[in-house]
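Shown next: my_file_5.csv, given as CSV, C-alpha atoms.
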chain,number,residue,atom,x,y,z
A,1390,MET,CA,-11.7,8.2,15.1
A,1391,VAL,CA,-8.5,6.9,16.7
A,1392,ARG,CA,-5.5,9.2,16.1
A,1393,VAL,CA,-2.2,7.3,16.4
A,1394,VAL,CA,1.4,8.4,16.8
A,1395,ILE,CA,4.1,5.9,16.1
A,1396,LEU,CA,7.3,5.8,18.2
A,1397,GLY,CA,10.0,4.0,16.2
A,1398,GLN,CA,9.4,3.9,12.5
A,1399,GLY,CA,11.1,0.5,11.8
A,1400,TYR,CA,10.0,-2.7,10.3
A,1401,VAL,CA,7.0,-3.3,12.6
A,1402,ALA,CA,5.7,0.2,12.4
A,1403,SER,CA,6.1,0.3,8.6
A,1404,ILE,CA,4.2,-3.0,8.1
A,1405,PHE,CA,1.6,-1.7,10.5
A,1406,ALA,CA,1.1,1.5,8.6
A,1407,SER,CA,1.1,-0.2,5.2
A,1408,GLY,CA,-1.2,-3.0,6.2
A,1409,LEU,CA,-3.6,-0.7,8.0
A,1410,GLU,CA,-4.0,1.6,4.9
A,1411,LYS,CA,-4.4,-1.5,2.6
A,1412,ILE,CA,-7.2,-2.8,4.8
A,1413,LYS,CA,-8.9,0.5,4.9
A,1414,ALA,CA,-8.8,0.7,1.1
A,1415,GLY,CA,-10.2,-2.8,0.7
A,1416,LYS,CA,-7.0,-4.1,-0.9
A,1417,ILE,CA,-6.3,-6.9,1.6
A,1418,LYS,CA,-8.3,-8.9,4.2
A,1419,PRO,CA,-7.6,-8.2,7.9
A,1420,TYR,CA,-6.0,-11.5,8.6
A,1421,GLY,CA,-3.8,-11.3,11.7
A,1422,VAL,CA,-6.1,-8.8,13.4
A,1423,PRO,CA,-7.8,-10.9,16.2
A,1424,LEU,CA,-10.9,-8.7,16.6
A,1425,THR,CA,-11.2,-7.5,13.0
A,1426,ASP,CA,-14.6,-5.8,12.7
A,1427,GLU,CA,-16.0,-6.9,16.1
A,1428,LEU,CA,-15.2,-3.7,18.0
A,1429,PRO,CA,-17.4,-0.6,18.0
A,1430,ILE,CA,-14.4,1.3,16.7
A,1431,LYS,CA,-13.7,0.1,13.2
A,1432,ILE,CA,-10.3,-0.4,11.5
A,1433,ARG,CA,-11.3,2.4,9.1
A,1434,ASP,CA,-11.4,4.7,12.1
A,1435,ILE,CA,-7.7,4.5,12.8
A,1436,GLU,CA,-5.6,7.4,11.4
A,1437,ILE,CA,-1.9,7.7,11.7
A,1438,VAL,CA,-1.2,11.3,12.5
A,1439,GLY,CA,2.5,11.3,13.3
A,1440,SER,CA,5.7,9.2,13.5
A,1441,TYR,CA,9.0,9.5,15.3
A,1442,ASP,CA,12.4,8.0,14.8
A,1443,VAL,CA,16.0,8.6,15.6
A,1444,ASP,CA,17.6,7.1,12.4
A,1445,ALA,CA,19.2,10.1,10.7
A,1446,SER,CA,18.3,8.5,7.3
A,1447,LYS,CA,14.6,8.6,8.2
A,1448,VAL,CA,14.1,11.8,10.3
A,1449,GLY,CA,12.6,14.6,8.1
A,1450,LYS,CA,11.5,12.2,5.4
A,1451,ASP,CA,7.9,11.5,4.3
A,1452,LEU,CA,6.3,8.5,5.9
A,1453,TYR,CA,5.5,7.0,2.5
A,1454,GLU,CA,9.1,7.0,1.4
A,1455,VAL,CA,10.3,5.2,4.6
A,1456,VAL,CA,7.5,2.6,4.5
A,1457,LYS,CA,8.2,2.0,0.8
A,1458,ALA,CA,11.7,0.8,1.8
A,1459,TYR,CA,10.0,-2.0,3.8
A,1460,ASP,CA,7.1,-2.6,1.5
A,1461,PRO,CA,7.4,-1.7,-2.2
A,1462,GLU,CA,3.6,-1.6,-2.4
A,1463,ALA,CA,3.3,1.1,0.2
A,1464,PRO,CA,-0.1,2.9,-0.1
A,1465,GLU,CA,-0.1,6.5,-1.4
A,1466,SER,CA,-2.3,7.5,1.5
A,1467,LEU,CA,0.8,7.5,3.7
A,1468,ARG,CA,2.1,10.6,2.0
A,1469,GLY,CA,2.1,13.9,3.8
A,1470,ILE,CA,3.3,12.8,7.2
A,1471,THR,CA,6.9,13.9,8.1
A,1472,ILE,CA,8.9,11.6,10.4
A,1473,ARG,CA,9.9,13.7,13.4
A,1474,LYS,CA,12.9,13.5,15.6
A,1475,GLY,CA,12.5,11.5,18.8
A,1476,VAL,CA,14.9,10.5,21.6
A,1477,HIS,CA,17.4,7.6,21.4
A,1478,LEU,CA,19.4,7.6,24.7
A,1479,ARG,CA,21.9,5.1,23.4
A,1480,SER,CA,19.2,2.8,22.0
A,1481,LEU,CA,21.0,2.4,18.7
A,1482,ARG,CA,24.5,1.7,20.1
A,1483,ASN,CA,26.4,-1.0,18.3
A,1484,LEU,CA,24.0,-0.8,15.4
A,1485,PRO,CA,25.0,0.4,11.9
A,1486,ILE,CA,22.7,3.4,12.2
A,1487,LYS,CA,23.6,7.0,12.6
A,1488,ALA,CA,21.5,8.2,15.5
A,1489,THR,CA,20.0,11.7,15.9
A,1490,GLY,CA,17.7,12.7,18.7
A,1491,LEU,CA,16.3,15.5,20.7
A,1492,ASP,CA,18.5,14.3,23.5
A,1493,ASP,CA,21.6,15.3,21.4
A,1494,GLU,CA,20.4,18.9,21.3
A,1495,MET,CA,18.7,19.6,24.6
A,1496,THR,CA,18.1,18.4,28.2
A,1497,LEU,CA,15.6,15.6,28.9
A,1498,LYS,CA,13.3,18.1,30.5
A,1499,GLU,CA,13.3,20.2,27.3
A,1500,ALA,CA,12.9,17.1,25.2
A,1501,VAL,CA,9.8,16.1,27.2
A,1502,GLU,CA,8.4,19.6,26.8
A,1503,ARG,CA,9.1,19.5,23.0
A,1504,LEU,CA,7.3,16.1,22.7
A,1505,VAL,CA,4.3,17.3,24.7
A,1506,SER,CA,4.0,20.4,22.6
A,1507,GLU,CA,4.1,18.5,19.3
A,1508,TRP,CA,1.6,15.9,20.6
A,1509,LYS,CA,-0.8,18.7,21.5
A,1510,GLU,CA,-0.5,19.8,17.9
A,1511,LEU,CA,-1.0,16.3,16.5
A,1512,ARG,CA,-3.7,15.3,19.1
A,1513,PRO,CA,-3.1,11.6,19.3
A,1514,ASP,CA,-5.4,9.3,21.2
A,1515,VAL,CA,-2.9,6.5,21.2
A,1516,LEU,CA,0.9,6.4,21.1
A,1517,VAL,CA,2.3,3.1,19.9
A,1518,ASN,CA,5.9,2.3,21.0
A,1519,VAL,CA,7.8,-0.1,18.7
A,1520,CYS,CA,11.3,1.2,19.4
A,1521,THR,CA,14.3,-1.0,19.3
A,1522,THR,CA,14.6,-3.4,22.3
A,1523,GLU,CA,16.4,-1.6,25.1
A,1524,ALA,CA,18.6,-2.4,28.1
A,1525,PHE,CA,16.8,-0.9,31.0
A,1526,VAL,CA,16.6,-0.6,34.8
A,1527,PRO,CA,13.1,-0.1,36.4
A,1528,PHE,CA,12.6,2.8,38.8
A,1529,GLY,CA,12.2,2.3,42.5
A,1530,SER,CA,10.1,5.4,43.1
A,1531,ARG,CA,8.4,8.3,41.5
A,1532,GLU,CA,11.0,10.6,43.1
A,1533,GLU,CA,13.8,8.7,41.5
A,1534,LEU,CA,12.2,9.0,38.0
A,1535,GLU,CA,11.5,12.7,38.3
A,1536,LYS,CA,15.0,13.3,39.7
A,1537,ALA,CA,16.5,11.5,36.7
A,1538,ILE,CA,14.6,13.8,34.4
A,1539,ALA,CA,15.3,17.0,36.3
A,1540,GLU,CA,19.1,16.2,36.6
A,1541,ASP,CA,19.3,15.2,32.9
A,1542,ARG,CA,20.4,11.6,33.7
A,1543,LYS,CA,20.7,10.4,30.1
A,1544,ASP,CA,22.7,7.5,31.4
A,1545,ARG,CA,19.8,6.3,33.6
A,1546,LEU,CA,16.8,6.5,31.3
A,1547,THR,CA,15.8,4.8,28.1
A,1548,ALA,CA,13.9,6.2,25.2
A,1549,THR,CA,10.7,4.3,26.2
A,1550,GLN,CA,10.9,5.5,29.8
A,1551,VAL,CA,11.1,9.1,28.6
A,1552,TYR,CA,8.3,8.7,26.1
A,1553,VAL,CA,6.0,7.3,28.7
A,1554,TYR,CA,6.9,10.2,31.1
A,1555,ALA,CA,6.1,12.6,28.3
A,1556,ALA,CA,2.9,10.7,27.4
A,1557,ALA,CA,1.7,11.1,31.0
A,1558,LYS,CA,2.2,14.9,30.9
A,1559,TYR,CA,0.4,15.0,27.6
A,1560,ALA,CA,-2.5,12.9,28.8
A,1561,ARG,CA,-2.9,15.1,31.9
A,1562,GLU,CA,-3.1,18.2,29.8
A,1563,VAL,CA,-5.6,16.9,27.2
A,1564,GLY,CA,-7.7,14.7,29.5
A,1565,GLY,CA,-6.6,11.3,28.4
A,1566,ALA,CA,-4.5,9.2,26.1
A,1567,ALA,CA,-3.2,5.6,25.8
A,1568,PHE,CA,0.4,4.3,25.4
A,1569,VAL,CA,0.9,0.8,23.9
A,1570,ASN,CA,4.3,-0.6,24.9
A,1571,ALA,CA,5.1,-3.4,22.5
A,1572,ILE,CA,8.7,-3.9,23.5
A,1573,PRO,CA,10.2,-5.5,26.7
A,1574,THR,CA,11.0,-2.4,28.7
A,1575,LEU,CA,8.9,-2.7,31.9
A,1576,ILE,CA,6.2,0.0,31.9
A,1577,ALA,CA,2.9,-1.8,32.6
A,1578,ASN,CA,5.0,-4.0,35.0
A,1579,ASP,CA,6.7,-1.0,36.7
A,1580,PRO,CA,4.5,0.2,39.7
A,1581,VAL,CA,6.0,3.7,39.4
A,1582,TYR,CA,4.8,4.1,35.8
A,1583,VAL,CA,1.4,2.5,36.5
A,1584,GLU,CA,0.8,4.9,39.4
A,1585,LEU,CA,1.9,7.8,37.3
A,1586,ALA,CA,-0.4,6.7,34.5
A,1587,LYS,CA,-3.4,6.5,36.9
A,1588,GLU,CA,-2.8,10.0,38.2
A,1589,SER,CA,-2.3,11.4,34.7
A,1590,ASN,CA,-5.3,10.1,32.7
A,1591,LEU,CA,-3.0,7.7,30.8
A,1592,VAL,CA,-3.8,4.1,29.8
A,1593,VAL,CA,-0.8,1.8,29.5
A,1594,PHE,CA,-0.8,-1.5,27.7
A,1595,GLY,CA,2.2,-3.8,28.0
A,1596,ASP,CA,4.7,-5.2,28.1
A,1597,ASP,CA,6.2,-6.8,24.9
A,1598,GLY,CA,3.8,-7.9,22.2
A,1599,ALA,CA,3.1,-11.6,22.2
A,1600,THR,CA,3.8,-13.0,18.7
A,1601,GLY,CA,5.4,-16.0,17.1
A,1602,ALA,CA,6.8,-18.8,19.2
A,1603,THR,CA,6.1,-17.4,22.7
A,1604,PRO,CA,2.3,-17.5,22.6
A,1605,LEU,CA,2.5,-20.9,20.9
A,1606,THR,CA,4.7,-22.2,23.7
A,1607,ALA,CA,2.2,-20.8,26.2
A,1608,ASP,CA,-0.6,-22.6,24.5
A,1609,ILE,CA,1.3,-25.9,24.5
A,1610,LEU,CA,2.3,-25.6,28.1
A,1611,SER,CA,-1.3,-24.8,29.1
A,1612,HIS,CA,-2.4,-28.0,27.2
A,1613,LEU,CA,0.2,-30.1,29.1
A,1614,ALA,CA,-0.7,-28.5,32.5
A,1615,GLN,CA,-4.4,-29.1,32.0
A,1616,ARG,CA,-3.7,-32.8,31.4
A,1617,ASN,CA,-1.4,-33.1,34.4
A,1618,ARG,CA,1.6,-34.0,32.3
A,1619,TYR,CA,4.9,-33.1,34.0
A,1620,VAL,CA,7.2,-31.0,31.9
A,1621,LEU,CA,10.9,-31.9,32.3
A,1622,ASP,CA,12.5,-29.3,30.1
A,1623,ILE,CA,11.8,-26.7,27.4
A,1624,ALA,CA,14.0,-25.3,24.7
A,1625,GLN,CA,12.7,-22.5,22.5
A,1626,PHE,CA,14.7,-20.2,20.3
A,1627,ASN,CA,14.4,-17.7,17.4
A,1628,ILE,CA,16.9,-16.6,14.8
A,1629,GLY,CA,16.1,-13.7,12.6
A,1630,GLY,CA,17.7,-11.2,10.2
A,1631,ASN,CA,15.9,-7.9,10.9
A,1632,GLN,CA,17.1,-4.9,12.8
A,1633,ASP,CA,15.6,-6.1,16.2
A,1634,PHE,CA,17.5,-9.4,16.0
A,1635,LEU,CA,20.7,-7.5,15.2
A,1636,ALA,CA,20.0,-5.3,18.3
A,1637,LEU,CA,19.5,-8.5,20.4
A,1638,THR,CA,23.1,-9.5,19.8
A,1639,ASP,CA,23.8,-7.0,22.5
A,1640,GLN,CA,23.8,-9.1,25.8
A,1641,GLU,CA,21.9,-6.5,27.9
A,1642,ARG,CA,19.2,-6.1,25.3
A,1643,ASN,CA,18.9,-9.9,25.0
A,1644,ARG,CA,18.4,-10.2,28.7
A,1645,SER,CA,15.5,-7.8,28.5
A,1646,LYS,CA,13.8,-10.0,25.9
A,1647,GLU,CA,14.7,-13.3,27.6
A,1648,PHE,CA,12.9,-12.1,30.8
A,1649,THR,CA,9.6,-11.4,29.1
A,1650,LYS,CA,9.7,-14.6,27.0
A,1651,SER,CA,10.6,-16.8,30.0
A,1652,SER,CA,8.0,-15.4,32.4
A,1653,ILE,CA,5.3,-17.8,31.0
A,1654,VAL,CA,6.9,-21.0,32.4
A,1655,GLU,CA,6.2,-20.9,36.1
A,1656,ASP,CA,3.0,-18.9,35.6
A,1657,LEU,CA,1.4,-21.6,33.4
A,1658,LEU,CA,2.9,-24.8,34.9
A,1659,GLY,CA,2.9,-23.8,38.6
A,1660,TYR,CA,6.6,-24.8,38.8
A,1661,ASN,CA,9.8,-23.6,37.1
A,1662,ALA,CA,10.7,-26.3,34.7
A,1663,PRO,CA,14.3,-26.1,33.4
A,1664,HIS,CA,14.1,-24.0,30.2
A,1665,TYR,CA,16.0,-22.1,27.6
A,1666,ILE,CA,13.7,-19.6,26.0
A,1667,LYS,CA,15.3,-16.7,24.3
A,1668,PRO,CA,16.2,-15.1,20.9
A,1669,THR,CA,19.5,-16.6,20.1
A,1670,GLY,CA,20.9,-15.4,16.9
A,1671,TYR,CA,21.1,-13.0,14.0
A,1672,LEU,CA,21.4,-14.2,10.4
A,1673,GLU,CA,20.9,-11.4,7.9
A,1674,PRO,CA,19.6,-13.5,4.9
A,1675,LEU,CA,16.6,-14.6,7.0
A,1676,ASP,CA,15.5,-10.9,7.0
A,1677,ASP,CA,12.1,-10.5,8.7
A,1678,LYS,CA,11.1,-14.2,8.3
A,1679,LYS,CA,12.5,-15.7,11.5
A,1680,PHE,CA,13.3,-19.3,12.2
A,1681,ILE,CA,11.7,-20.7,15.3
A,1682,ALA,CA,12.2,-24.1,17.0
A,1683,MET,CA,10.8,-25.6,20.1
A,1684,HIS,CA,11.4,-28.9,22.0
A,1685,ILE,CA,9.4,-29.9,25.1
A,1686,GLU,CA,10.0,-33.1,27.0
A,1687,TYR,CA,7.4,-34.3,29.5
A,1688,VAL,CA,6.2,-37.3,31.6
A,1689,SER,CA,2.8,-38.8,30.9
A,1690,PHE,CA,0.8,-41.7,32.4
A,1691,ASN,CA,2.6,-44.7,33.7
A,1692,GLY,CA,5.9,-42.8,33.5
A,1693,ALA,CA,5.9,-42.6,29.7
A,1694,HIS,CA,8.4,-39.9,28.4
A,1695,ASP,CA,7.0,-38.0,25.4
A,1696,GLU,CA,8.5,-35.1,23.3
A,1697,LEU,CA,7.1,-32.4,21.2
A,1698,VAL,CA,9.3,-30.8,18.5
A,1699,VAL,CA,8.1,-27.8,16.5
A,1700,THR,CA,9.8,-25.7,13.8
A,1701,GLY,CA,8.6,-22.9,11.7
A,1702,ARG,CA,9.3,-19.8,9.7
A,1703,ILE,CA,7.3,-16.8,10.7
A,1704,ASN,CA,7.2,-13.2,9.3
A,1705,ASP,CA,8.2,-11.4,12.5
A,1706,SER,CA,6.9,-7.9,11.9
A,1707,PRO,CA,3.4,-8.6,10.5
A,1708,ALA,CA,2.7,-10.9,13.5
A,1709,LEU,CA,3.0,-7.9,15.8
A,1710,ALA,CA,1.7,-5.3,13.5
A,1711,GLY,CA,-1.7,-7.1,13.2
A,1712,LEU,CA,-2.1,-6.9,17.0
A,1713,LEU,CA,-1.4,-3.2,17.0
A,1714,VAL,CA,-4.5,-2.7,14.9
A,1715,ASP,CA,-6.5,-4.0,17.9
A,1716,LEU,CA,-4.4,-2.4,20.6
A,1717,ALA,CA,-4.9,1.1,19.1
A,1718,ARG,CA,-8.7,0.7,19.1
A,1719,LEU,CA,-8.7,-0.9,22.6
A,1720,GLY,CA,-6.6,1.9,23.9
A,1721,LYS,CA,-9.1,4.5,22.7
A,1722,MET,CA,-11.9,2.4,24.3
A,1723,ALA,CA,-10.0,2.4,27.6
A,1724,VAL,CA,-9.5,6.1,27.5
A,1725,ASP,CA,-13.2,6.7,26.8
A,1726,ARG,CA,-14.0,4.5,29.8
A,1727,LYS,CA,-11.4,6.4,31.9
A,1728,GLU,CA,-9.8,3.1,32.9
A,1729,PHE,CA,-6.4,4.8,33.5
A,1730,GLY,CA,-3.4,2.9,34.6
A,1731,THR,CA,-3.0,-0.6,33.0
A,1732,VAL,CA,-5.6,-3.1,31.9
A,1733,TYR,CA,-4.7,-6.7,32.7
A,1734,GLU,CA,-7.6,-8.1,30.6
A,1735,VAL,CA,-6.0,-6.6,27.5
A,1736,ASN,CA,-2.4,-7.3,28.4
A,1737,ALA,CA,-3.0,-11.0,29.3
A,1738,PHE,CA,-3.9,-11.8,25.7
A,1739,TYR,CA,-1.7,-9.4,23.7
A,1740,MET,CA,1.5,-9.2,25.8
A,1741,LYS,CA,4.3,-11.7,26.7
A,1742,ASN,CA,4.8,-10.1,30.1
A,1743,PRO,CA,1.3,-8.8,31.0
A,1744,GLY,CA,1.1,-6.0,33.6
A,1745,PRO,CA,0.6,-5.1,36.3
A,1746,LYS,CA,3.6,-6.5,38.1
A,1747,GLU,CA,1.6,-8.8,40.4
A,1748,ALA,CA,-0.3,-10.3,37.5
A,1749,ARG,CA,0.5,-13.7,35.9
A,1750,ASN,CA,0.4,-15.3,32.5
A,1751,ILE,CA,-2.7,-17.4,32.0
A,1752,PRO,CA,-3.7,-19.8,29.2
A,1753,ARG,CA,-4.2,-17.8,26.1
A,1754,ILE,CA,-7.7,-19.2,25.5
A,1755,ILE,CA,-8.8,-17.9,29.0
A,1756,ALA,CA,-7.0,-14.6,28.3
A,1757,TYR,CA,-8.8,-14.3,25.0
A,1758,GLU,CA,-12.2,-14.7,26.6
A,1759,LYS,CA,-11.4,-12.3,29.4
A,1760,MET,CA,-10.3,-9.7,26.8
A,1761,ARG,CA,-13.5,-10.2,24.8
A,1762,THR,CA,-15.6,-9.7,28.0
A,1763,TRP,CA,-13.7,-6.5,28.9
A,1764,ALA,CA,-14.3,-5.3,25.3
A,1765,GLY,CA,-18.0,-6.0,25.7
A,1766,LEU,CA,-18.0,-8.8,23.1
A,1767,LYS,CA,-19.8,-12.2,23.3
A,1768,PRO,CA,-17.7,-15.2,24.4
A,1769,ARG,CA,-16.4,-17.2,21.5
A,1770,TRP,CA,-15.3,-20.4,22.9
A,1771,LEU,CA,-16.7,-20.5,26.5

Kindly present the structure from the file in structure tokens form.
Amino acid sequence: MVRVVILGQGYVASIFASGLEKIKAGKIKPYGVPLTDELPIKIRDIEIVGSYDVDASKVGKDLYEVVKAYDPEAPESLRGITIRKGVHLRSLRNLPIKATGLDDEMTLKEAVERLVSEWKELRPDVLVNVCTTEAFVPFGSREELEKAIAEDRKDRLTATQVYVYAAAKYAREVGGAAFVNAIPTLIANDPVYVELAKESNLVVFGDDGATGATPLTADILSHLAQRNRYVLDIAQFNIGGNQDFLALTDQERNRSKEFTKSSIVEDLLGYNAPHYIKPTGYLEPLDDKKFIAMHIEYVSFNGAHDELVVTGRINDSPALAGLLVDLARLGKMAVDRKEFGTVYEVNAFYMKNPGPKEARNIPRIIAYEKMRTWAGLKPRWL
């Protein structure tokens, strides 16, 4: 059994919850879940035991009612879970949402203690973080992090940074847990948090789930590099109409996302080709089905100049939600193996910016096989 707590009950989390329960009930096929039934822990073994949010219109409501707003066919099995109050720390600023959080009522130290207490009641094996993209600053030292908590520096920390700190305290007390960081805030790439995780029996996967255009761009760049074609420039952008794209209209949040999306270029090519890779716009009628476009210009044999142009429409939230089904199970496996800290073999396949900090993006086909080997599965392509 894998007991899961969700942090941020928005579009991704709601599609994850709905799709998971439909798969367990045999109503849909597990398309979009890379490892489907290959792992020793099966999809039917995942149980959502708690959910947190900071949208005043969601806190205190039943999970079924909130999920139904995103998916009219929400499974009845989601009834009975009340959405609890999390921390927001300005994460919803400039958004048309009334925020309510523990940080409005108490100090950060007290909020951490409240979360740990509730998690000891819920007993999650894995905490899945799909909060709104944040503007963040990494920590330079463990002392700086702990001082910010102790001094109630609500201007210094983000919700994710507080959640991971609380997760480390929880994991230390119960003997182990995993934290899946599916947003750009550096956690698996922050040495301070990785060291904290190692010392606290916490597994951290991150950072920023690799979905949509970015892994496709990585695959194409790998293809060109393997054939020694010289890339002249890359343009890749996304326009969407969901809440995360609205949040990305904030320049600081956009820079967080841009960093994780752009990290693939030099890692895969060996040189930093001129590139523009970022989410670029919000258009409400697109809703969750984002528009993606990609243009890559390169030099081939005898000086020939070629171009690749790709466009598409991709349902944004299901693309990430399917990966979370694997990551929850892999997180429990890592805890059972006591592989605390971060696990590059998992991050390299599932994340845009795979931790630890000194790690690099690698071609996804290689990352896929490394991940399978780590999970104890037979090679598929090698």

**Asked** With only C-alpha atoms as the basis for distance, which of A:Leu1591, A:Ile1432, A:Ala1636, A:Val1620 is at the shortest distance from Ser1480 in chain A?
**Response** A:Ala1636

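With only C-alpha atoms as the atoms that count, the minimum distance from Asp1434 in chain A to the choices A:Lys1474, A:Lys1418, A:Lys1411, A:Arg1718 is reached by A:Arg1718.
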
Neighbour list for Leu1575 in chain A as a PDB file with C-alpha atoms, in the frame of the given file, cut-off 12 Å, all atoms listed in the file, skip fewer than 3 positions in-chain:
ATOM      1  CA  THR A1522      14.600  -3.400  22.300  1.00  0.00           C
ATOM      2  CA  GLU A1523      16.400  -1.600  25.100  1.00  0.00           C
ATOM      3  CA  ALA A1524      18.600  -2.400  28.100  1.00  0.00           C
ATOM      4  CA  PHE A1525      16.800  -0.900  31.000  1.00  0.00           C
ATOM      5  CA  VAL A1526      16.600  -0.600  34.800  1.00  0.00           C
ATOM      6  CA  PRO A1527      13.100  -0.100  36.400  1.00  0.00           C
ATOM      7  CA  PHE A1528      12.600   2.800  38.800  1.00  0.00           C
ATOM      8  CA  THR A1547      15.800   4.800  28.100  1.00  0.00           C
ATOM      9  CA  THR A1549      10.700   4.300  26.200  1.00  0.00           C
ATOM     10  CA  GLN A1550      10.900   5.500  29.800  1.00  0.00           C
ATOM     11  CA  VAL A1553       6.000   7.300  28.700  1.00  0.00           C
ATOM     12  CA  VAL A1569       0.900   0.800  23.900  1.00  0.00           C
ATOM     13  CA  ASN A1570       4.300  -0.600  24.900  1.00  0.00           C
ATOM     14  CA  ALA A1571       5.100  -3.400  22.500  1.00  0.00           C
ATOM     15  CA  ILE A1572       8.700  -3.900  23.500  1.00  0.00           C
ATOM     16  CA  ASN A1578       5.000  -4.000  35.000  1.00  0.00           C
ATOM     17  CA  ASP A1579       6.700  -1.000  36.700  1.00  0.00           C
ATOM     18  CA  PRO A1580       4.500   0.200  39.700  1.00  0.00           C
ATOM     19  CA  VAL A1581       6.000   3.700  39.400  1.00  0.00           C
ATOM     20  CA  TYR A1582       4.800   4.100  35.800  1.00  0.00           C
ATOM     21  CA  VAL A1583       1.400   2.500  36.500  1.00  0.00           C
ATOM     22  CA  VAL A1593      -0.800   1.800  29.500  1.00  0.00           C
ATOM     23  CA  PHE A1594      -0.800  -1.500  27.700  1.00  0.00           C
ATOM     24  CA  GLY A1595       2.200  -3.800  28.000  1.00  0.00           C
ATOM     25  CA  ASP A1596       4.700  -5.200  28.100  1.00  0.00           C
ATOM     26  CA  ASP A1597       6.200  -6.800  24.900  1.00  0.00           C
ATOM     27  CA  SER A1645      15.500  -7.800  28.500  1.00  0.00           C
ATOM     28  CA  LYS A1646      13.800 -10.000  25.900  1.00  0.00           C
ATOM     29  CA  PHE A1648      12.900 -12.100  30.800  1.00  0.00           C
ATOM     30  CA  THR A1649       9.600 -11.400  29.100  1.00  0.00           C
ATOM     31  CA  MET A1740       1.500  -9.200  25.800  1.00  0.00           C
ATOM     32  CA  LYS A1741       4.300 -11.700  26.700  1.00  0.00           C
ATOM     33  CA  ASN A1742       4.800 -10.100  30.100  1.00  0.00           C
ATOM     34  CA  PRO A1743       1.300  -8.800  31.000  1.00  0.00           C
ATOM     35  CA  GLY A1744       1.100  -6.000  33.600  1.00  0.00           C
ATOM     36  CA  PRO A1745       0.600  -5.100  36.300  1.00  0.00           C
ATOM     37  CA  LYS A1746       3.600  -6.500  38.100  1.00  0.00           C
TER      38      LYS A1746
END

**Prompt:** Near Leu1712 in chain A, counting only C-alpha atoms, which residues have an atom at most 12 Å away, once you skip same-chain residues fewer than 6 positions from it, shown as a PyMOL selection string?
**Reply:** chain A and resi 1401-1402+1404-1405+1408-1409+1419-1425+1432+1517+1569-1571+1597-1601+1706+1718-1719+1735-1736+1738-1740

**Item:** Between CA of Ser1611 in chain A and CA of Tyr1665 in chain A, distance in Å (one decimal)
**Value:** 17.6 Å

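Using only C-alpha atoms, the nearest neighbour of Lys1543 in chain A within the list A:Arg1479, A:Arg1531, A:Arg1503, A:Lys1558 is A:Arg1479.
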
**Asked** Quick one: residues within 12 Å of Leu1481 in chain A, all atoms listed in the file counted, chain neighbours fewer than 5 positions away excluded, as a list in words?
**Response** Gly1397, Asp1442, Val1443, Asp1444, Ala1445, Val1476, Ile1486, Lys1487, Ala1488, Thr1489, Gly1490, Cys1520, Thr1521, Thr1522, Glu1523, Ala1524, Thr1547, Ala1548, Gln1632, Asp1633, Leu1635, Ala1636, Leu1637, Asp1639 and Arg1642 of chain A

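Distance check against Leu1396 in chain A using all atoms listed in the file: of A:Val1592, A:Leu1716, A:Leu1504, A:Leu1709, the minimum falls on A:Leu1504.
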
**Request:** Name the residues in contact with Val1699 in chain A at a cut-off of 12 Å, using all atoms listed in the file, excluding same-chain residues fewer than 4 positions from it; report them as an MDAnalysis selection string.
**Result:** chainID A and resid 1602 1605:1606 1609 1623:1627 1680:1686
